[in-house]
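What's in target26.txt: compact mmCIF, C-alpha atoms
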```
# COMPACT_ATOMS: atom_id res chain seq x y z
CA MET A 22 -21.69 41.80 -3.18
CA LYS A 23 -21.51 40.59 0.42
CA ARG A 24 -23.58 37.54 1.30
CA ALA A 25 -25.48 36.73 4.49
CA LEU A 26 -27.35 33.71 5.81
CA ILE A 27 -30.08 34.34 8.40
CA LEU A 28 -31.41 31.31 10.30
CA GLY A 29 -34.72 31.92 12.02
CA ALA A 30 -35.57 34.61 9.50
CA SER A 31 -39.32 34.56 10.14
CA GLY A 32 -38.88 35.75 13.74
CA GLY A 33 -38.92 39.38 14.77
CA ILE A 34 -35.16 39.82 15.05
CA GLY A 35 -34.20 37.52 12.19
CA SER A 36 -36.56 39.15 9.71
CA ALA A 37 -35.48 42.64 10.76
CA VAL A 38 -31.78 41.78 10.30
CA ALA A 39 -32.51 40.26 6.87
CA ASN A 40 -34.45 43.36 5.80
CA ASN A 41 -31.72 45.67 7.09
CA LEU A 42 -29.02 43.87 5.13
CA LYS A 43 -31.11 43.81 1.96
CA LYS A 44 -31.45 47.59 2.18
CA GLN A 45 -27.65 47.73 2.27
CA TYR A 46 -27.57 45.62 -0.92
CA TRP A 47 -26.39 42.41 0.67
CA ASP A 48 -27.31 39.14 -0.98
CA VAL A 49 -29.40 37.57 1.81
CA THR A 50 -30.39 33.91 2.11
CA SER A 51 -33.05 33.16 4.72
CA LEU A 52 -34.15 29.94 6.39
CA SER A 53 -37.03 29.49 8.81
CA ARG A 54 -39.38 26.83 10.09
CA SER A 55 -42.53 28.52 8.76
CA LEU A 56 -41.26 29.23 5.24
CA ASP A 57 -38.63 26.54 4.58
CA GLN A 58 -39.46 23.75 7.06
CA PHE A 59 -36.08 24.42 8.65
CA ASP A 60 -36.25 22.66 12.01
CA ILE A 61 -33.27 23.56 14.18
CA THR A 62 -34.19 20.81 16.65
CA ASN A 63 -33.73 18.07 14.02
CA GLU A 64 -30.25 17.32 12.70
CA ASP A 65 -31.52 15.83 9.44
CA SER A 66 -33.41 19.05 8.78
CA VAL A 67 -30.40 21.18 9.71
CA ARG A 68 -28.10 19.16 7.47
CA SER A 69 -30.52 19.16 4.55
CA SER A 70 -31.32 22.88 4.84
CA LEU A 71 -27.72 23.98 5.07
CA SER A 72 -26.67 21.74 2.18
CA SER A 73 -29.39 23.34 0.03
CA VAL A 74 -27.94 26.87 0.25
CA ARG A 75 -24.97 28.17 -1.69
CA GLY A 76 -22.00 29.51 0.24
CA PRO A 77 -19.70 30.98 1.12
CA PHE A 78 -21.22 33.65 3.36
CA ASN A 79 -19.59 36.72 4.86
CA TYR A 80 -22.11 36.85 7.70
CA ILE A 81 -24.25 34.19 9.36
CA LEU A 82 -26.79 34.89 12.10
CA ILE A 83 -28.43 32.13 14.14
CA ALA A 84 -31.52 34.03 15.29
CA THR A 85 -33.50 31.11 16.67
CA GLY A 86 -34.63 30.53 20.24
CA ALA A 87 -37.57 30.46 22.60
CA LEU A 88 -38.21 31.88 26.05
CA GLU A 89 -41.50 30.14 26.78
CA ILE A 90 -41.90 26.52 25.66
CA LYS A 91 -45.16 24.91 26.83
CA SER A 92 -44.84 26.67 30.21
CA THR A 93 -43.69 29.96 31.71
CA PRO A 94 -40.11 30.45 33.01
CA GLU A 95 -39.64 28.99 36.49
CA LYS A 96 -39.62 31.53 39.33
CA SER A 97 -38.52 28.84 41.77
CA ILE A 98 -36.68 25.54 41.43
CA ASN A 99 -39.88 23.97 42.77
CA HIS A 100 -41.43 24.78 39.39
CA LEU A 101 -38.66 23.07 37.44
CA SER A 102 -39.83 20.31 35.11
CA GLN A 103 -37.69 17.70 33.42
CA CYS A 104 -39.67 18.00 30.18
CA ASN A 105 -39.47 21.79 30.12
CA MET A 106 -35.74 21.74 30.77
CA ILE A 107 -35.20 19.23 27.96
CA ASP A 108 -37.30 21.39 25.60
CA HIS A 109 -35.18 24.45 26.38
CA PHE A 110 -31.91 22.65 25.81
CA VAL A 111 -33.15 21.15 22.54
CA THR A 112 -34.27 24.56 21.23
CA ASN A 113 -31.79 27.00 22.76
CA THR A 114 -28.61 24.91 23.00
CA ILE A 115 -28.67 21.78 20.86
CA GLY A 116 -30.27 23.52 17.88
CA PRO A 117 -27.61 26.23 17.50
CA ALA A 118 -24.91 23.63 18.20
CA LEU A 119 -26.18 21.48 15.32
CA VAL A 120 -26.02 24.49 13.00
CA LEU A 121 -22.45 25.21 14.05
CA LYS A 122 -21.57 21.55 13.48
CA HIS A 123 -22.56 21.82 9.81
CA ILE A 124 -21.61 25.41 9.09
CA ARG A 125 -17.95 25.22 8.10
CA LEU A 126 -18.67 24.35 4.48
CA LEU A 127 -20.50 27.68 4.19
CA LEU A 128 -17.45 29.72 5.20
CA ASP A 129 -14.44 30.60 3.07
CA LYS A 130 -11.18 29.60 4.74
CA LYS A 131 -9.28 32.44 3.07
CA SER A 132 -11.60 35.40 3.68
CA SER A 133 -13.07 37.08 6.74
CA SER A 134 -16.44 35.93 8.02
CA ILE A 135 -18.60 36.57 11.07
CA VAL A 136 -20.94 34.05 12.68
CA THR A 137 -23.29 35.38 15.35
CA VAL A 138 -25.45 33.37 17.75
CA LEU A 139 -28.30 35.07 19.59
CA SER A 140 -27.88 34.45 23.29
CA ALA A 141 -29.22 36.29 26.35
CA ARG A 142 -27.70 38.13 29.28
CA VAL A 143 -29.48 35.75 31.65
CA GLY A 144 -27.13 33.07 30.36
CA SER A 145 -24.23 34.80 32.09
CA ILE A 146 -23.42 33.00 35.34
CA GLU A 147 -21.46 35.91 36.76
CA ASP A 148 -24.20 38.42 35.91
CA ASN A 149 -26.97 36.38 37.56
CA LYS A 150 -28.28 38.55 40.41
CA LEU A 151 -31.93 37.44 40.55
CA GLY A 152 -32.02 33.66 40.14
CA GLY A 153 -35.03 31.89 38.67
CA TRP A 154 -35.67 31.06 35.01
CA TYR A 155 -33.66 27.89 35.50
CA SER A 156 -34.22 26.13 32.19
CA TYR A 157 -33.79 29.20 30.00
CA ARG A 158 -30.76 30.46 31.94
CA ALA A 159 -29.08 27.06 31.86
CA ALA A 160 -29.75 26.55 28.14
CA LYS A 161 -28.33 29.98 27.28
CA ALA A 162 -25.29 29.40 29.50
CA ALA A 163 -24.78 26.12 27.66
CA VAL A 164 -25.01 27.69 24.21
CA ASN A 165 -22.46 30.28 25.35
CA GLN A 166 -20.11 27.42 26.18
CA ILE A 167 -20.72 25.93 22.74
CA VAL A 168 -19.84 29.26 21.13
CA LYS A 169 -16.68 29.61 23.19
CA SER A 170 -15.51 26.05 22.51
CA PHE A 171 -16.29 26.06 18.81
CA SER A 172 -14.63 29.45 18.33
CA ILE A 173 -11.34 27.80 19.31
CA GLU A 174 -11.86 24.86 16.96
CA LEU A 175 -13.09 27.07 14.10
CA SER A 176 -10.01 29.29 14.32
CA ARG A 177 -7.84 26.30 13.40
CA SER A 178 -9.63 25.57 10.12
CA HIS A 179 -10.90 29.09 9.37
CA PRO A 180 -8.33 31.52 10.81
CA LYS A 181 -10.21 34.57 9.51
CA ALA A 182 -13.58 33.62 11.00
CA CYS A 183 -15.08 35.34 14.05
CA LEU A 184 -17.71 33.54 16.14
CA LEU A 185 -19.71 35.61 18.62
CA ALA A 186 -22.60 35.36 21.06
CA ILE A 187 -24.78 38.46 21.37
CA HIS A 188 -27.49 39.63 23.74
CA PRO A 189 -29.92 41.71 21.65
CA GLY A 190 -31.51 43.50 24.60
CA THR A 191 -35.22 43.46 25.32
CA VAL A 192 -36.90 43.48 21.94
CA ASP A 193 -40.62 43.99 21.38
CA THR A 194 -41.41 40.57 19.88
CA ASN A 195 -43.78 37.72 20.67
CA LEU A 196 -40.92 36.03 22.56
CA THR A 197 -40.64 38.79 25.19
CA HIS A 198 -44.09 40.40 25.17
CA LYS A 199 -45.30 38.91 28.47
CA TYR A 200 -42.05 39.59 30.34
CA SER A 201 -40.84 43.01 29.22
CA SER A 202 -43.27 45.47 30.78
CA ASN A 203 -40.70 46.72 33.33
CA TYR A 204 -37.84 47.10 30.86
CA PRO A 205 -37.12 49.59 28.09
CA LYS A 206 -37.78 47.88 24.78
CA GLN A 207 -36.39 48.20 21.29
CA THR A 208 -38.29 47.59 18.11
CA PRO A 209 -37.03 44.69 16.00
CA ALA A 210 -35.66 47.21 13.48
CA GLU A 211 -33.70 49.00 16.22
CA ALA A 212 -32.41 45.70 17.58
CA ALA A 213 -31.35 44.61 14.10
CA GLN A 214 -29.37 47.80 13.58
CA ASN A 215 -27.68 47.41 16.96
CA ILE A 216 -26.79 43.77 16.30
CA LEU A 217 -25.25 44.64 12.95
CA ASP A 218 -23.44 47.69 14.33
CA VAL A 219 -21.83 45.48 16.99
CA THR A 220 -21.11 42.32 15.06
CA LEU A 221 -20.08 43.57 11.63
CA ASN A 222 -17.26 45.58 13.21
CA LYS A 223 -15.69 42.56 14.89
CA ASP A 224 -12.66 40.58 13.73
CA THR A 225 -10.68 37.53 14.81
CA SER A 226 -9.46 39.32 17.95
CA HIS A 227 -13.06 39.18 19.23
CA THR A 228 -13.86 35.57 18.39
CA GLY A 229 -15.35 33.51 21.21
CA LYS A 230 -16.67 36.56 23.07
CA PHE A 231 -20.10 37.60 24.32
CA PHE A 232 -21.40 41.12 23.68
CA ASP A 233 -24.61 43.01 24.33
CA TRP A 234 -26.50 45.26 21.93
CA ALA A 235 -24.57 48.30 23.20
CA ASN A 236 -21.22 46.68 22.37
CA LYS A 237 -20.32 45.95 25.98
CA GLU A 238 -18.66 42.60 26.65
CA ILE A 239 -20.68 40.35 28.97
CA PRO A 240 -18.88 38.01 31.40
CA TRP A 241 -19.58 34.33 30.90
```
Whole structure given in structure tokens:
Amino acid sequence: MKRALILGASGGIGSAVANNLKKQYWDVTSLSRSLDQFDITNEDSVRSSLSSVRGPFNYILIATGALEIKSTPEKSINHLSQCNMIDHFVTNTIGPALVLKHIRLLLDKKSSSIVTVLSARVGSIEDNKLGGWYSYRAAKAAVNQIVKSFSIELSRSHPKACLLAIHPGTVDTNLTHKYSSNYPKQTPAEAAQNILDVTLNKDTSHTGKFFDWANKEIPW
């Protein structure tokens, strides 16, 4: 039986991915703040939570993140706040980085594994055509750099591992509800299926890359 670890499993996307895999008879382990006191912004919590689960896993999804933290995304740099920017980096960059720091013990060095980090298209510097959303954009661009850098390091110790960043599209969840009226939306179940269709078909030739829900590679 294949085994998966879903981090952020109480969120719309995380819970939908966990449910999808269970229907396919995967052995799924879930961690979340609301159910397990898993706090991705605290390294002691990350270390303790990851040491409490039994590996190895064939698939790991880091499905954490936040678009709005205490304030709305900045439309202008005049709205940028030091505190808001720090909050975004702690949640959207440092948190996933801490998970990746402690994740190697949960992967088998001799068998294939896939680690996926939820990112966002707005984190692409080359794709940025509208500006704004400074803190969220910068934090997602930073987590993309973490994914790229760690994919190189991970390949040395785990040559059969594949580390990816993925943009799930606009998903009808609490995270996007206020900002998605002008965009076609997917249900969490649809997004989960798309994420799995894209990521589970990847191998080491794709490690360190950034894809969207339709399996198109996104420029950094």
Of the residues A:Phe59, A:Asp48, A:Thr225, A:Pro77, which is the one nearest to Leu128 in chain A, using only C-alpha atoms?
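Ranking A:Phe59, A:Asp48, A:Thr225, A:Pro77 by distance to Leu128 in chain A, first place goes to A:Pro77.
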Given all atoms listed in the file as the counted atoms, nearest of A:Gly190, A:Gly229, A:Pro240, A:Gly35 to Ile81 in chain A
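Among the listed residues, the smallest separation from Ile81 in chain A belongs to A:Gly35.
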Residue with the minimum atom-to-atom distance to Gly152 in chain A, picked from A:Asp129, A:Asp65, A:Asp193, A:Glu95 with all atoms listed in the file counted, is A:Glu95
Choose the residue, out of A:Leu52, A:Cys183, A:Ala213, A:Leu71, that has the smallest atom-to-atom separation from Ser133 in chain A; count all atoms listed in the file.
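Smallest separation from Ser133 in chain A among the options: A:Cys183.
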Residues within 12 Å of (-19.0, 28.1, 25.9), file coordinates, counting all atoms listed in the file: what are they? Give the list as a PDB file with C-alpha atoms, keeping the file's coordinate frame.
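Result file is result.pdb:
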```pdb
ATOM      1  CA  THR A 114     -28.610  24.910  23.000  1.00  0.00           C
ATOM      2  CA  ALA A 118     -24.910  23.630  18.200  1.00  0.00           C
ATOM      3  CA  VAL A 138     -25.450  33.370  17.750  1.00  0.00           C
ATOM      4  CA  SER A 140     -27.880  34.450  23.290  1.00  0.00           C
ATOM      5  CA  GLY A 144     -27.130  33.070  30.360  1.00  0.00           C
ATOM      6  CA  SER A 145     -24.230  34.800  32.090  1.00  0.00           C
ATOM      7  CA  ILE A 146     -23.420  33.000  35.340  1.00  0.00           C
ATOM      8  CA  ALA A 159     -29.080  27.060  31.860  1.00  0.00           C
ATOM      9  CA  ALA A 160     -29.750  26.550  28.140  1.00  0.00           C
ATOM     10  CA  LYS A 161     -28.330  29.980  27.280  1.00  0.00           C
ATOM     11  CA  ALA A 162     -25.290  29.400  29.500  1.00  0.00           C
ATOM     12  CA  ALA A 163     -24.780  26.120  27.660  1.00  0.00           C
ATOM     13  CA  VAL A 164     -25.010  27.690  24.210  1.00  0.00           C
ATOM     14  CA  ASN A 165     -22.460  30.280  25.350  1.00  0.00           C
ATOM     15  CA  GLN A 166     -20.110  27.420  26.180  1.00  0.00           C
ATOM     16  CA  ILE A 167     -20.720  25.930  22.740  1.00  0.00           C
ATOM     17  CA  VAL A 168     -19.840  29.260  21.130  1.00  0.00           C
ATOM     18  CA  LYS A 169     -16.680  29.610  23.190  1.00  0.00           C
ATOM     19  CA  SER A 170     -15.510  26.050  22.510  1.00  0.00           C
ATOM     20  CA  PHE A 171     -16.290  26.060  18.810  1.00  0.00           C
ATOM     21  CA  SER A 172     -14.630  29.450  18.330  1.00  0.00           C
ATOM     22  CA  ILE A 173     -11.340  27.800  19.310  1.00  0.00           C
ATOM     23  CA  GLU A 174     -11.860  24.860  16.960  1.00  0.00           C
ATOM     24  CA  LEU A 184     -17.710  33.540  16.140  1.00  0.00           C
ATOM     25  CA  LEU A 185     -19.710  35.610  18.620  1.00  0.00           C
ATOM     26  CA  ALA A 186     -22.600  35.360  21.060  1.00  0.00           C
ATOM     27  CA  THR A 228     -13.860  35.570  18.390  1.00  0.00           C
ATOM     28  CA  GLY A 229     -15.350  33.510  21.210  1.00  0.00           C
ATOM     29  CA  LYS A 230     -16.670  36.560  23.070  1.00  0.00           C
ATOM     30  CA  PHE A 231     -20.100  37.600  24.320  1.00  0.00           C
ATOM     31  CA  PRO A 240     -18.880  38.010  31.400  1.00  0.00           C
ATOM     32  CA  TRP A 241     -19.580  34.330  30.900  1.00  0.00           C
TER      33      TRP A 241
END
```
Name the closest residue to Thr62 in chain A among the candidates A:Val74, A:Ile107, A:Val219, A:Val38; distances are taken between atoms, counting only C-alpha atoms.
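Answer, going by the shortest atom-to-atom distance: A:Ile107.
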Mind running range 92-175 of chain A against range 220-223 of chain A at 12 Å and telling me each contacting residue's nearest atom pair with the distance in Å (one decimal), counting all atoms listed in the file, chain and number ascending, as a Markdown table?
```
| residue | atom | partner | partner_atom | distance |
| --- | --- | --- | --- | --- |
| A:Ser133 | CA | A:Lys223 | CA | 10.2 |
| A:Ser134 | CA | A:Leu221 | CA | 9.2 |
| A:Ile135 | CA | A:Leu221 | CA | 7.2 |
| A:Val136 | CA | A:Thr220 | CA | 8.6 |
| A:Thr137 | CA | A:Thr220 | CA | 7.3 |
| A:Val138 | CA | A:Thr220 | CA | 10.3 |
| A:Leu139 | CA | A:Thr220 | CA | 11.2 |
```
Of the residues A:His109, A:Lys206, A:Arg68, A:His188, which is the one nearest to Arg125 in chain A, using all atoms listed in the file?
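Answer, going by the shortest atom-to-atom distance: A:Arg68.
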For CA of Lys122 in chain A and CA of Asn215 in chain A, quote the distance in Å rounded to one decimal.
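Distance between the two atoms: 26.8 Å.
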Figure out the distance between CA of Asn113 in chain A and CA of Asp60 in chain A, please, to one decimal in Å.
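Computing it gives 12.4 Å between the two atoms.
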What does the distance from CA of Asn63 in chain A to CA of Leu119 in chain A come to in Å, to one decimal?
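Distance reported for this atom pair: 8.4 Å.
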For Ser102 in chain A, find every residue with an atom within 10 Å (counting all atoms listed in the file), except residues of its own chain fewer than 6 positions away, and show them as a count of residues only.
5
